[in-house]
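Colleague: Dropping a structure here in structure tokens format, bear with me for questions.
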Amino acid sequence: MTQLLKISLPDGSVREVPPGSTPADIAAAIGPGLAKAALAARVDGELRDLNRALEGDASLALVTSRDEADALELARHDYAHVLAEAVQALWPGTQITFGPATEDGFYYDVMAPASRGPFTLDDLPAIEERMRDIIRADKPLTREVWSRQQLIDKWRAEGESFKAEWAAELPEGEELTVYRSGEDWLDMCRGPHLPSTGKLDPAAFKLMRVAGAYWRGDQRNAQLTRIYGTGWLDKKQLDAHLHRLEEAAKRDHRKLGREMDLFHLQEEAHGSVFWHPRGYKIWRELEAYMRRAIDGAGYREVKTPQVMDARQWEQSGHWGKYRANMFVIPDEAPNTEDEGDLVSKDADWMALKPMNCPAHVLIFRQGLKSYRDLPLRLYENGCCHRNEPHGALHGLMRVRQFTQDDAHIFCREDQIVAETRAFCELADRIYRDFGFTYAVKLALRPEQRYGSDEDWDKAESELRQAVIDAGMATPEYGWEELPGEGAFYAPKLEWHLTDAIGRTWQVGTIQSDRVLPERLDASYVGEDGEKHRPVMLHRAIFGSYERFIGILIEHFAGRLPAWLAPTQAVVATIVSDADDYAREVASRLQAAGIRVETDLRNEKINYKVREHSLAKVPQLLVVGMREAEEGTVALRTLGEQAQRVISLEAAIAHLKAEATPPDLRRM
């Protein structure tokens with residue numbers, strides 16, 4: 001008698017099915033609605049094809065479009081395969097390589113046949129239309145197991161040199177799978193996939209752009225064409241994404257930075273920012289705000305060197321981990337007799353600091369520390385350098401020189417949870433002052449790490465408990481644990497901000513570290529008179545000033561809150577006879593602490609209003625002879641059509657209230 005398989009379902013029930021049954025069979029047995037909606041299955045937690053036979057007793061969860069993360073991953077993977085099939089159908093002789101799903105879509109790297117040049121944007125409409133034909137054909141996607149030699153022979157016979165090269169490097173005994181689309185087209189892939197192309201929505205994808213890409217990412221290899229697309233579960237999701245992209249383009253901090261005269265970047269200093277007076281005013285306001293916050297929270301501000309000996313970085317462990325991204329220089333003066341050449345190949349090495357933590361340990365080690373001195377909270381607006389690749393640089397968001405709002409809390413074991421909770425509450429206050437909502441996530445131990453499992457268990461538990469104590473380990477705060485995503489020396493809490501158009505930005509972190517104090521020999525004298533290691537909490541809230549300013553510019557679309565705006569008000573005249581009164585108004589505003597400018601140009605007032613609106617000035621005070629005689633101003637607030645005529649005293653009070661930073665309003 002055949003032994004039935006026992007399949008446990010999420011509702012706790014168990015179904016007995018014959019060997020060879022598939023998740024699709026079980027979905028059909030439960031009901032026709034589920035059979036139609038099912039896209040794939042999780043078998044003992046592993047995502048699998050719906051039509052792949054079950055091999056034994058297992059737990060089973062059917063995946064539908066309601067399981068959005070899994071469904072999107074599957075759909076985007078399938079869109080990539082459909083893209084490759086479409087390109088080869090349109091241009092026989094095209095070689096395909098690989099095409100994964102991405103964060104918001106998919107891409108595929110292909111090589112055009114020798115008879116034509118690389119693919120361009122002009123080819124995308126035809127490819128899209130053929131993709132829709134393939135989707136509407138509802139071609140079954142079936143999994144097949146092949147031997148390595150079968151794959152090599154197939155790809156070589158069809159002139160697929162890239163696929164043949166890859167197949168030849170696969171392990172001899174490994175189970176290799178291909179997926180067939182209908183009867184003819186197939187691709188080498190681990191899967192899983194949807195049951196058929198018809199499960200995709202032909203109106204829910206769009207090809208976006210093309211770019212060059214080297215085979216296997218090596219510029220010595222052949223150059224391919226990478227075709228990018230965005231793919232979703234339905235047209236509504238696609239439209240929402242395209243709208244977000246349109247909004248993001250309008251809010252691009254690089255564009256607004258130019259228009260508002262805030263900063264610029266240029267080749268003479270790759271990845272470093274030239275701050276203009278207006279942009280640096282935003283920086284200074286943020287810096288002042290953060291100093292008030294950290295002073296109130298009991299931090300002590302420090303300043304540490306930019307360049308430190310390589311041996312320090314070796315001892316800390318950063319040399320082995322970050323050496324490729326560090327700017328290093330020989331610790332030796334140039335030989336002026338040889339036109340500045342460095343005289344010795346054996347010089348000791350120095351490095352521009354890529355992070356501040358080892359320097360803060362060195363400050364902690366100066367002088368004997370007692371358990372009564374802890375916690376010791378050291379803060380630095382620390383300028384760091386990392387040698388990021390040119391292609392990775394992106395405005396203020398990815399730079400080589402950046403300044404962190406960096407701090408390290410040296411504490412005893414019994415203080416970790418309380419200190420982390422206090423940081424959670426401080427971060428909450430600050431992010432809310434800027435109008436952000438956020439999610440808190442706990443990044444757990446990576447595979448490659450320093451420290452014992454016992455220390456990692458402890459550190460993860462402490463961070464988790466702090467979030468629970470702060471009342472933030474809830475769906476309201478987007479609480480989530482991320483296996484394998486911690487730093488090499490410590491787990492960390494991450495703050496993911498949501499901006500005005502729904503994008504998320506990972507910004508703040510706190511990490512519980514027992515490794516660095518050990519490696520750099522930091523200690524304090526405990527109550528028992530013995531030496532003990534402090535635990536080091538690495539923490540930041542802005543992350544970096546550069547990136548946080550970029551996020552703010554895009555979040556507010558340049559319309560920064562009045563307290564952050566470089567120019568908070570402009571006094572503009574209607575006629576030149578009111579110039580003296582305009583100067584008086586500006587003088588009174590300046591005396592009240594308002595950052596104000598005057599516009600006395602011989603231009604029409606509508607022109608001035610438009611120009612200052614484009615410059616994102618929060619308040620425009622329009623004055624003419626009538627206002628001069630009555631001691632009033634016509635106040636125009638950015639984003640509002642109407643103006644209101646109020647007394648100068650009322651205008652000063654209003655602007656002063658608007659220009660007060662949120663933390664000072666609470667006092």
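For the structure tokens, the naming scheme is as follows: chains receive sequential letters (A, B, ...) according to their order of presentation, residues are indexed from 1 within each chain, and ligands are indexed from 1 in presentation order.
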Let's see if you can do this: from backbone DSSP, list all strand (DSSP E or B) residues in stretch 608-654 of chain A, as a VMD selection string.
Modeller: chain A and resid 619 to 623 632 to 637 643 to 647
Colleague: Write out the residues from the selection above, keeping C-alpha atoms, as a PDB file, in the first residue's frame.
Modeller:
ATOM      1  CA  GLN A 619       7.778  84.143   3.215  1.00  0.00           C
ATOM      2  CA  LEU A 620       7.591  87.116   0.853  1.00  0.00           C
ATOM      3  CA  LEU A 621       6.756  90.533   2.292  1.00  0.00           C
ATOM      4  CA  VAL A 622       5.521  92.904  -0.428  1.00  0.00           C
ATOM      5  CA  VAL A 623       5.588  96.635   0.334  1.00  0.00           C
ATOM      6  CA  THR A 632       1.965  97.157   7.206  1.00  0.00           C
ATOM      7  CA  VAL A 633       3.204  94.457   4.837  1.00  0.00           C
ATOM      8  CA  ALA A 634       1.449  92.191   2.339  1.00  0.00           C
ATOM      9  CA  LEU A 635       2.519  88.715   3.447  1.00  0.00           C
ATOM     10  CA  ARG A 636       2.709  85.885   0.898  1.00  0.00           C
ATOM     11  CA  THR A 637       3.455  82.365   2.163  1.00  0.00           C
ATOM     12  CA  GLN A 643      -1.759  87.303   0.476  1.00  0.00           C
ATOM     13  CA  ARG A 644      -2.796  89.046   3.686  1.00  0.00           C
ATOM     14  CA  VAL A 645      -2.049  92.562   4.774  1.00  0.00           C
ATOM     15  CA  ILE A 646      -0.950  92.709   8.414  1.00  0.00           C
ATOM     16  CA  SER A 647       0.957  95.081  10.640  1.00  0.00           C
TER      17      SER A 647
END
Colleague: Within 8 Å of A:Pro113, counting only C-alpha atoms, which residues qualify if same-chain residues fewer than 5 places away don't, as a list of chain:residue names?
Modeller: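 Counting only the stated atoms, we get A:Trp91, A:Pro92, A:Gly93, A:Thr94, A:Gln95.
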Colleague: Would you work out the distance separating atom CA of A:Ala650 from atom CA of A:Gly631, expressed in Å to one decimal?
Modeller: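 These atoms are spaced 10.6 Å apart.
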Colleague: Residues of stretch 83-186 of chain A in helix (DSSP H, G or I) according to DSSP, as a PyMOL selection string?
Modeller: chain A and resi 83-90+121-136+148-157+161-168
Colleague: Those same residues - N, CA and C atoms - I'd like them written as a compact mmCIF listing (two decimals), in the first residue's frame.
Modeller:
# COMPACT_ATOMS: atom_id res chain seq x y z
N LEU A 83 11.40 38.94 -21.24
CA LEU A 83 12.20 39.94 -21.96
C LEU A 83 13.24 39.24 -22.85
N ALA A 84 13.98 38.29 -22.26
CA ALA A 84 15.01 37.59 -23.03
C ALA A 84 14.39 36.82 -24.20
N GLU A 85 13.27 36.17 -23.94
CA GLU A 85 12.59 35.42 -25.01
C GLU A 85 12.14 36.36 -26.13
N ALA A 86 11.62 37.52 -25.76
CA ALA A 86 11.14 38.48 -26.75
C ALA A 86 12.28 38.99 -27.62
N VAL A 87 13.41 39.31 -27.00
CA VAL A 87 14.55 39.83 -27.75
C VAL A 87 15.05 38.79 -28.75
N GLN A 88 15.13 37.53 -28.31
CA GLN A 88 15.61 36.49 -29.22
C GLN A 88 14.60 36.20 -30.33
N ALA A 89 13.32 36.36 -30.05
CA ALA A 89 12.31 36.16 -31.09
C ALA A 89 12.39 37.26 -32.15
N LEU A 90 12.65 38.48 -31.71
CA LEU A 90 12.72 39.62 -32.64
C LEU A 90 14.03 39.64 -33.41
N LEU A 121 17.27 52.62 -26.97
CA LEU A 121 15.93 52.98 -26.49
C LEU A 121 14.89 52.81 -27.59
N ASP A 122 15.29 53.01 -28.85
CA ASP A 122 14.33 52.90 -29.95
C ASP A 122 13.80 51.48 -30.11
N ASP A 123 14.53 50.49 -29.60
CA ASP A 123 14.09 49.09 -29.71
C ASP A 123 13.06 48.71 -28.64
N LEU A 124 12.95 49.50 -27.60
CA LEU A 124 12.14 49.07 -26.46
C LEU A 124 10.65 48.90 -26.78
N PRO A 125 10.01 49.80 -27.55
CA PRO A 125 8.58 49.58 -27.83
C PRO A 125 8.31 48.24 -28.51
N ALA A 126 9.15 47.84 -29.46
CA ALA A 126 8.94 46.56 -30.14
C ALA A 126 9.13 45.39 -29.17
N ILE A 127 10.13 45.50 -28.29
CA ILE A 127 10.36 44.43 -27.31
C ILE A 127 9.17 44.33 -26.36
N GLU A 128 8.67 45.48 -25.91
CA GLU A 128 7.51 45.47 -25.01
C GLU A 128 6.32 44.77 -25.67
N GLU A 129 6.06 45.08 -26.93
CA GLU A 129 4.91 44.50 -27.60
C GLU A 129 5.06 42.98 -27.74
N ARG A 130 6.28 42.52 -28.06
CA ARG A 130 6.48 41.08 -28.15
C ARG A 130 6.34 40.42 -26.77
N MET A 131 6.80 41.08 -25.73
CA MET A 131 6.63 40.56 -24.37
C MET A 131 5.14 40.39 -24.06
N ARG A 132 4.33 41.36 -24.45
CA ARG A 132 2.89 41.26 -24.19
C ARG A 132 2.29 40.08 -24.95
N ASP A 133 2.76 39.84 -26.18
CA ASP A 133 2.29 38.67 -26.95
C ASP A 133 2.60 37.38 -26.20
N ILE A 134 3.81 37.29 -25.64
CA ILE A 134 4.22 36.08 -24.92
C ILE A 134 3.38 35.90 -23.66
N ILE A 135 3.11 37.00 -22.97
CA ILE A 135 2.28 36.93 -21.75
C ILE A 135 0.87 36.50 -22.10
N ARG A 136 0.29 37.11 -23.14
CA ARG A 136 -1.09 36.77 -23.52
C ARG A 136 -1.20 35.33 -24.01
N ARG A 148 25.03 18.64 -16.61
CA ARG A 148 25.93 19.73 -17.00
C ARG A 148 26.32 19.60 -18.48
N GLN A 149 26.63 18.38 -18.93
CA GLN A 149 27.08 18.21 -20.31
C GLN A 149 25.96 18.51 -21.30
N GLN A 150 24.72 18.14 -20.93
CA GLN A 150 23.58 18.48 -21.79
C GLN A 150 23.48 19.99 -22.00
N LEU A 151 23.66 20.73 -20.91
CA LEU A 151 23.59 22.19 -21.00
C LEU A 151 24.71 22.74 -21.87
N ILE A 152 25.93 22.26 -21.64
CA ILE A 152 27.07 22.74 -22.42
C ILE A 152 26.84 22.47 -23.90
N ASP A 153 26.40 21.24 -24.22
CA ASP A 153 26.19 20.87 -25.62
C ASP A 153 25.11 21.74 -26.27
N LYS A 154 24.03 21.99 -25.51
CA LYS A 154 22.94 22.81 -26.06
C LYS A 154 23.42 24.21 -26.37
N TRP A 155 24.07 24.83 -25.39
CA TRP A 155 24.47 26.23 -25.58
C TRP A 155 25.51 26.36 -26.68
N ARG A 156 26.44 25.44 -26.76
CA ARG A 156 27.46 25.51 -27.82
C ARG A 156 26.82 25.33 -29.20
N ALA A 157 25.88 24.39 -29.29
CA ALA A 157 25.22 24.13 -30.57
C ALA A 157 24.45 25.35 -31.05
N SER A 161 27.66 31.37 -26.44
CA SER A 161 29.00 31.18 -25.85
C SER A 161 29.04 31.57 -24.38
N PHE A 162 28.28 32.59 -23.99
CA PHE A 162 28.30 33.02 -22.58
C PHE A 162 27.66 31.96 -21.68
N LYS A 163 26.52 31.45 -22.10
CA LYS A 163 25.84 30.42 -21.32
C LYS A 163 26.70 29.14 -21.26
N ALA A 164 27.35 28.80 -22.38
CA ALA A 164 28.19 27.60 -22.41
C ALA A 164 29.36 27.74 -21.45
N GLU A 165 29.95 28.93 -21.42
CA GLU A 165 31.07 29.18 -20.50
C GLU A 165 30.62 29.02 -19.05
N TRP A 166 29.46 29.56 -18.73
CA TRP A 166 28.96 29.47 -17.36
C TRP A 166 28.63 28.02 -16.99
N ALA A 167 27.98 27.32 -17.92
CA ALA A 167 27.60 25.92 -17.64
C ALA A 167 28.83 25.06 -17.40
N ALA A 168 29.93 25.33 -18.12
CA ALA A 168 31.14 24.54 -17.99
C ALA A 168 31.78 24.70 -16.62
Colleague: Between atom CA of A:Val43 and atom CA of A:Leu60, what is the distance in Å, rounded to a tenth?
Modeller: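 Taking atom CA of A:Val43 and atom CA of A:Leu60, their separation equals 4.8 Å.
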Colleague: What does the distance between atom CA of A:Arg559 and atom CA of A:Ser544 come to in Å, to one decimal place?
Modeller: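 It comes out at 20.8 Å.
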Colleague: When distances are computed from only C-alpha atoms, which of A:Pro566, A:Gly471, A:Gly624, A:Gly117 shows the smallest separation from A:Val585?
Modeller: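 Answer, going by the shortest atom-to-atom distance: A:Gly624.
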Colleague: Using only C-alpha atoms, which protein or nucleic acid residues come within 9 Å of A:Val596? Drop anything in the same chain fewer than 2 positions from it, and give the result as JSON, numbers by chain.
Modeller: {"A": [567, 568, 569, 570, 571, 586, 587, 589, 590, 593, 594, 598]}
Colleague: Just to be explicit: take each residue in the selection above, keep N, CA and C atoms, and write the result as a compact mmCIF listing (two decimals), in the first residue's frame.
Modeller:
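File out-v3.txt, as written:
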# COMPACT_ATOMS: atom_id res chain seq x y z
N THR A 567 17.22 81.35 3.24
CA THR A 567 16.62 82.68 3.34
C THR A 567 15.19 82.48 3.81
N GLN A 568 14.86 83.05 4.96
CA GLN A 568 13.53 82.80 5.54
C GLN A 568 12.49 83.79 5.04
N ALA A 569 12.93 84.96 4.59
CA ALA A 569 11.99 85.97 4.11
C ALA A 569 12.69 86.92 3.15
N VAL A 570 11.93 87.42 2.19
CA VAL A 570 12.40 88.47 1.29
C VAL A 570 11.41 89.61 1.35
N VAL A 571 11.93 90.83 1.48
CA VAL A 571 11.09 92.03 1.43
C VAL A 571 11.24 92.60 0.02
N ALA A 586 13.27 95.08 6.66
CA ALA A 586 14.33 94.07 6.69
C ALA A 586 15.18 94.20 7.93
N SER A 587 15.48 95.43 8.32
CA SER A 587 16.30 95.67 9.51
C SER A 587 15.59 95.16 10.76
N LEU A 589 13.29 92.79 10.88
CA LEU A 589 13.26 91.33 10.83
C LEU A 589 14.61 90.74 11.22
N GLN A 590 15.67 91.35 10.71
CA GLN A 590 17.02 90.87 11.04
C GLN A 590 17.28 90.97 12.53
N GLY A 593 16.08 88.16 14.43
CA GLY A 593 16.73 86.87 14.19
C GLY A 593 16.29 86.18 12.92
N ILE A 594 15.61 86.90 12.02
CA ILE A 594 15.15 86.31 10.77
C ILE A 594 16.22 86.48 9.70
N THR A 598 16.46 91.76 0.82
CA THR A 598 15.57 92.72 0.16
C THR A 598 15.68 92.57 -1.34
Colleague: Can I get the residues of stretch 272-347 of chain A within 12 Å of stretch 352-369 of chain A, each with the closest pair of atoms and their distance in Å to one decimal, using only C-alpha atoms, sorted chain first then ascending number, as JSON lines?
Modeller:
{"residue": "A:Arg300", "atom": "CA", "partner": "A:His360", "partner_atom": "CA", "distance": 11.4}
{"residue": "A:Glu301", "atom": "CA", "partner": "A:His360", "partner_atom": "CA", "distance": 10.7}
{"residue": "A:Val302", "atom": "CA", "partner": "A:His360", "partner_atom": "CA", "distance": 8.4}
{"residue": "A:Lys303", "atom": "CA", "partner": "A:His360", "partner_atom": "CA", "distance": 9.0}
{"residue": "A:Thr304", "atom": "CA", "partner": "A:Ala359", "partner_atom": "CA", "distance": 6.3}
{"residue": "A:Pro305", "atom": "CA", "partner": "A:Ala359", "partner_atom": "CA", "distance": 7.7}
{"residue": "A:Gln306", "atom": "CA", "partner": "A:Leu352", "partner_atom": "CA", "distance": 5.6}
{"residue": "A:Val307", "atom": "CA", "partner": "A:Leu352", "partner_atom": "CA", "distance": 4.5}
{"residue": "A:Met308", "atom": "CA", "partner": "A:Leu352", "partner_atom": "CA", "distance": 6.6}
{"residue": "A:Asp309", "atom": "CA", "partner": "A:Leu352", "partner_atom": "CA", "distance": 9.0}
{"residue": "A:Ala310", "atom": "CA", "partner": "A:Leu352", "partner_atom": "CA", "distance": 9.5}
{"residue": "A:Arg311", "atom": "CA", "partner": "A:Pro358", "partner_atom": "CA", "distance": 11.4}
{"residue": "A:Gln312", "atom": "CA", "partner": "A:Pro358", "partner_atom": "CA", "distance": 7.7}
{"residue": "A:Trp313", "atom": "CA", "partner": "A:Pro358", "partner_atom": "CA", "distance": 7.7}
{"residue": "A:Glu314", "atom": "CA", "partner": "A:Pro358", "partner_atom": "CA", "distance": 10.6}
{"residue": "A:Gln315", "atom": "CA", "partner": "A:Pro358", "partner_atom": "CA", "distance": 9.3}
{"residue": "A:Ser316", "atom": "CA", "partner": "A:Pro358", "partner_atom": "CA", "distance": 6.7}
{"residue": "A:Gly317", "atom": "CA", "partner": "A:Pro358", "partner_atom": "CA", "distance": 9.8}
{"residue": "A:His318", "atom": "CA", "partner": "A:Pro354", "partner_atom": "CA", "distance": 9.0}
{"residue": "A:Trp319", "atom": "CA", "partner": "A:Pro354", "partner_atom": "CA", "distance": 10.2}
{"residue": "A:Lys321", "atom": "CA", "partner": "A:Pro354", "partner_atom": "CA", "distance": 11.3}
{"residue": "A:Tyr322", "atom": "CA", "partner": "A:Pro354", "partner_atom": "CA", "distance": 8.2}
{"residue": "A:Arg323", "atom": "CA", "partner": "A:Pro354", "partner_atom": "CA", "distance": 9.5}
{"residue": "A:Ala324", "atom": "CA", "partner": "A:Pro354", "partner_atom": "CA", "distance": 11.0}
{"residue": "A:Asn325", "atom": "CA", "partner": "A:Pro354", "partner_atom": "CA", "distance": 8.0}
{"residue": "A:Met326", "atom": "CA", "partner": "A:Pro354", "partner_atom": "CA", "distance": 6.4}
{"residue": "A:Phe327", "atom": "CA", "partner": "A:Leu352", "partner_atom": "CA", "distance": 5.5}
{"residue": "A:Val328", "atom": "CA", "partner": "A:Leu352", "partner_atom": "CA", "distance": 6.4}
{"residue": "A:Ile329", "atom": "CA", "partner": "A:Leu352", "partner_atom": "CA", "distance": 8.2}
{"residue": "A:Pro330", "atom": "CA", "partner": "A:Leu352", "partner_atom": "CA", "distance": 11.3}
{"residue": "A:Asp331", "atom": "CA", "partner": "A:Leu352", "partner_atom": "CA", "distance": 11.8}
Colleague: Limited to N, CA and C atoms, could you put the picked residues into a file as a short mmCIF file (atom, residue, chain, number, x, y, z; two decimals), in the first residue's frame?
Modeller:
data_model
loop_
_atom_site.label_atom_id
_atom_site.label_comp_id
_atom_site.auth_asym_id
_atom_site.auth_seq_id
_atom_site.Cartn_x
_atom_site.Cartn_y
_atom_site.Cartn_z
N ARG A 300 29.39 64.41 25.28
CA ARG A 300 30.52 65.34 25.31
C ARG A 300 31.14 65.36 23.92
N GLU A 301 31.21 66.54 23.33
CA GLU A 301 31.70 66.64 21.96
C GLU A 301 33.23 66.61 21.92
N VAL A 302 33.76 65.89 20.93
CA VAL A 302 35.22 65.76 20.76
C VAL A 302 35.57 66.03 19.31
N LYS A 303 36.86 66.12 19.03
CA LYS A 303 37.36 66.27 17.66
C LYS A 303 38.60 65.41 17.54
N THR A 304 38.66 64.57 16.50
CA THR A 304 39.79 63.63 16.36
C THR A 304 40.48 63.82 15.01
N PRO A 305 41.72 63.29 14.88
CA PRO A 305 42.52 63.52 13.66
C PRO A 305 41.89 62.90 12.42
N GLN A 306 42.23 63.51 11.27
CA GLN A 306 41.79 62.99 9.99
C GLN A 306 42.64 61.81 9.52
N VAL A 307 43.92 61.82 9.90
CA VAL A 307 44.86 60.81 9.42
C VAL A 307 45.41 60.03 10.61
N MET A 308 45.40 58.71 10.50
CA MET A 308 45.91 57.87 11.58
C MET A 308 46.78 56.76 10.99
N ASP A 309 47.71 56.27 11.79
CA ASP A 309 48.66 55.23 11.39
C ASP A 309 47.92 53.94 11.00
N ALA A 310 48.41 53.28 9.96
CA ALA A 310 47.77 52.05 9.48
C ALA A 310 47.74 50.97 10.56
N ARG A 311 48.74 50.98 11.46
CA ARG A 311 48.76 49.96 12.51
C ARG A 311 47.54 50.06 13.42
N GLN A 312 47.05 51.29 13.60
CA GLN A 312 45.84 51.47 14.39
C GLN A 312 44.64 50.80 13.71
N TRP A 313 44.57 50.96 12.38
CA TRP A 313 43.47 50.36 11.63
C TRP A 313 43.61 48.85 11.56
N GLU A 314 44.85 48.34 11.54
CA GLU A 314 45.05 46.89 11.58
C GLU A 314 44.57 46.32 12.90
N GLN A 315 44.92 47.00 13.97
CA GLN A 315 44.54 46.52 15.30
C GLN A 315 43.02 46.53 15.47
N SER A 316 42.37 47.55 14.92
CA SER A 316 40.92 47.65 15.07
C SER A 316 40.18 46.64 14.20
N GLY A 317 40.85 46.12 13.15
CA GLY A 317 40.21 45.18 12.23
C GLY A 317 39.70 45.83 10.96
N HIS A 318 39.74 47.17 10.90
CA HIS A 318 39.21 47.86 9.73
C HIS A 318 40.13 47.72 8.52
N TRP A 319 41.43 47.58 8.73
CA TRP A 319 42.37 47.50 7.62
C TRP A 319 42.03 46.30 6.73
N LYS A 321 39.13 44.79 6.54
CA LYS A 321 37.76 44.86 6.03
C LYS A 321 37.57 45.99 5.02
N TYR A 322 38.17 47.17 5.28
CA TYR A 322 37.88 48.37 4.49
C TYR A 322 39.07 48.90 3.71
N ARG A 323 40.21 48.18 3.73
CA ARG A 323 41.42 48.72 3.11
C ARG A 323 41.19 49.20 1.68
N ALA A 324 40.42 48.46 0.89
CA ALA A 324 40.20 48.84 -0.51
C ALA A 324 39.45 50.16 -0.63
N ASN A 325 38.71 50.54 0.41
CA ASN A 325 37.94 51.78 0.36
C ASN A 325 38.56 52.90 1.18
N MET A 326 39.82 52.72 1.58
CA MET A 326 40.50 53.75 2.38
C MET A 326 41.51 54.49 1.52
N PHE A 327 41.63 55.80 1.75
CA PHE A 327 42.67 56.59 1.12
C PHE A 327 43.93 56.48 1.98
N VAL A 328 45.00 55.92 1.42
CA VAL A 328 46.21 55.70 2.20
C VAL A 328 47.36 56.53 1.63
N ILE A 329 48.26 56.92 2.51
CA ILE A 329 49.42 57.72 2.10
C ILE A 329 50.64 57.23 2.87
N PRO A 330 51.84 57.27 2.25
CA PRO A 330 53.05 56.88 2.98
C PRO A 330 53.35 57.88 4.10
N ASP A 331 53.80 57.38 5.21
CA ASP A 331 54.17 58.25 6.34
C ASP A 331 55.61 58.72 6.14
#
Colleague: Residues within 9 Å of stretch 34-41 of chain A, please, as a PyMOL selection string. Count only C-alpha atoms; anything in the same chain fewer than 3 positions from it doesn't count.
Modeller: chain A and resi 23-31+45-51+60-65+70-71+74+192-195+199
Colleague: Within 6 Å of stretch 481-502 of chain A, which residues of stretch 508-609 of chain A come that close, and what is the closest atom pair and distance in Å for each? Count only C-alpha atoms and give it as JSON lines.
Modeller:
{"residue": "A:Gly508", "atom": "CA", "partner": "A:Trp495", "partner_atom": "CA", "distance": 5.0}
{"residue": "A:Thr509", "atom": "CA", "partner": "A:Glu494", "partner_atom": "CA", "distance": 4.6}
{"residue": "A:Ile510", "atom": "CA", "partner": "A:Leu493", "partner_atom": "CA", "distance": 5.3}
{"residue": "A:Gln511", "atom": "CA", "partner": "A:Lys492", "partner_atom": "CA", "distance": 4.1}
{"residue": "A:Ser512", "atom": "CA", "partner": "A:Ala490", "partner_atom": "CA", "distance": 5.6}
{"residue": "A:Asp513", "atom": "CA", "partner": "A:Ala490", "partner_atom": "CA", "distance": 5.0}
{"residue": "A:His555", "atom": "CA", "partner": "A:Ala500", "partner_atom": "CA", "distance": 5.3}
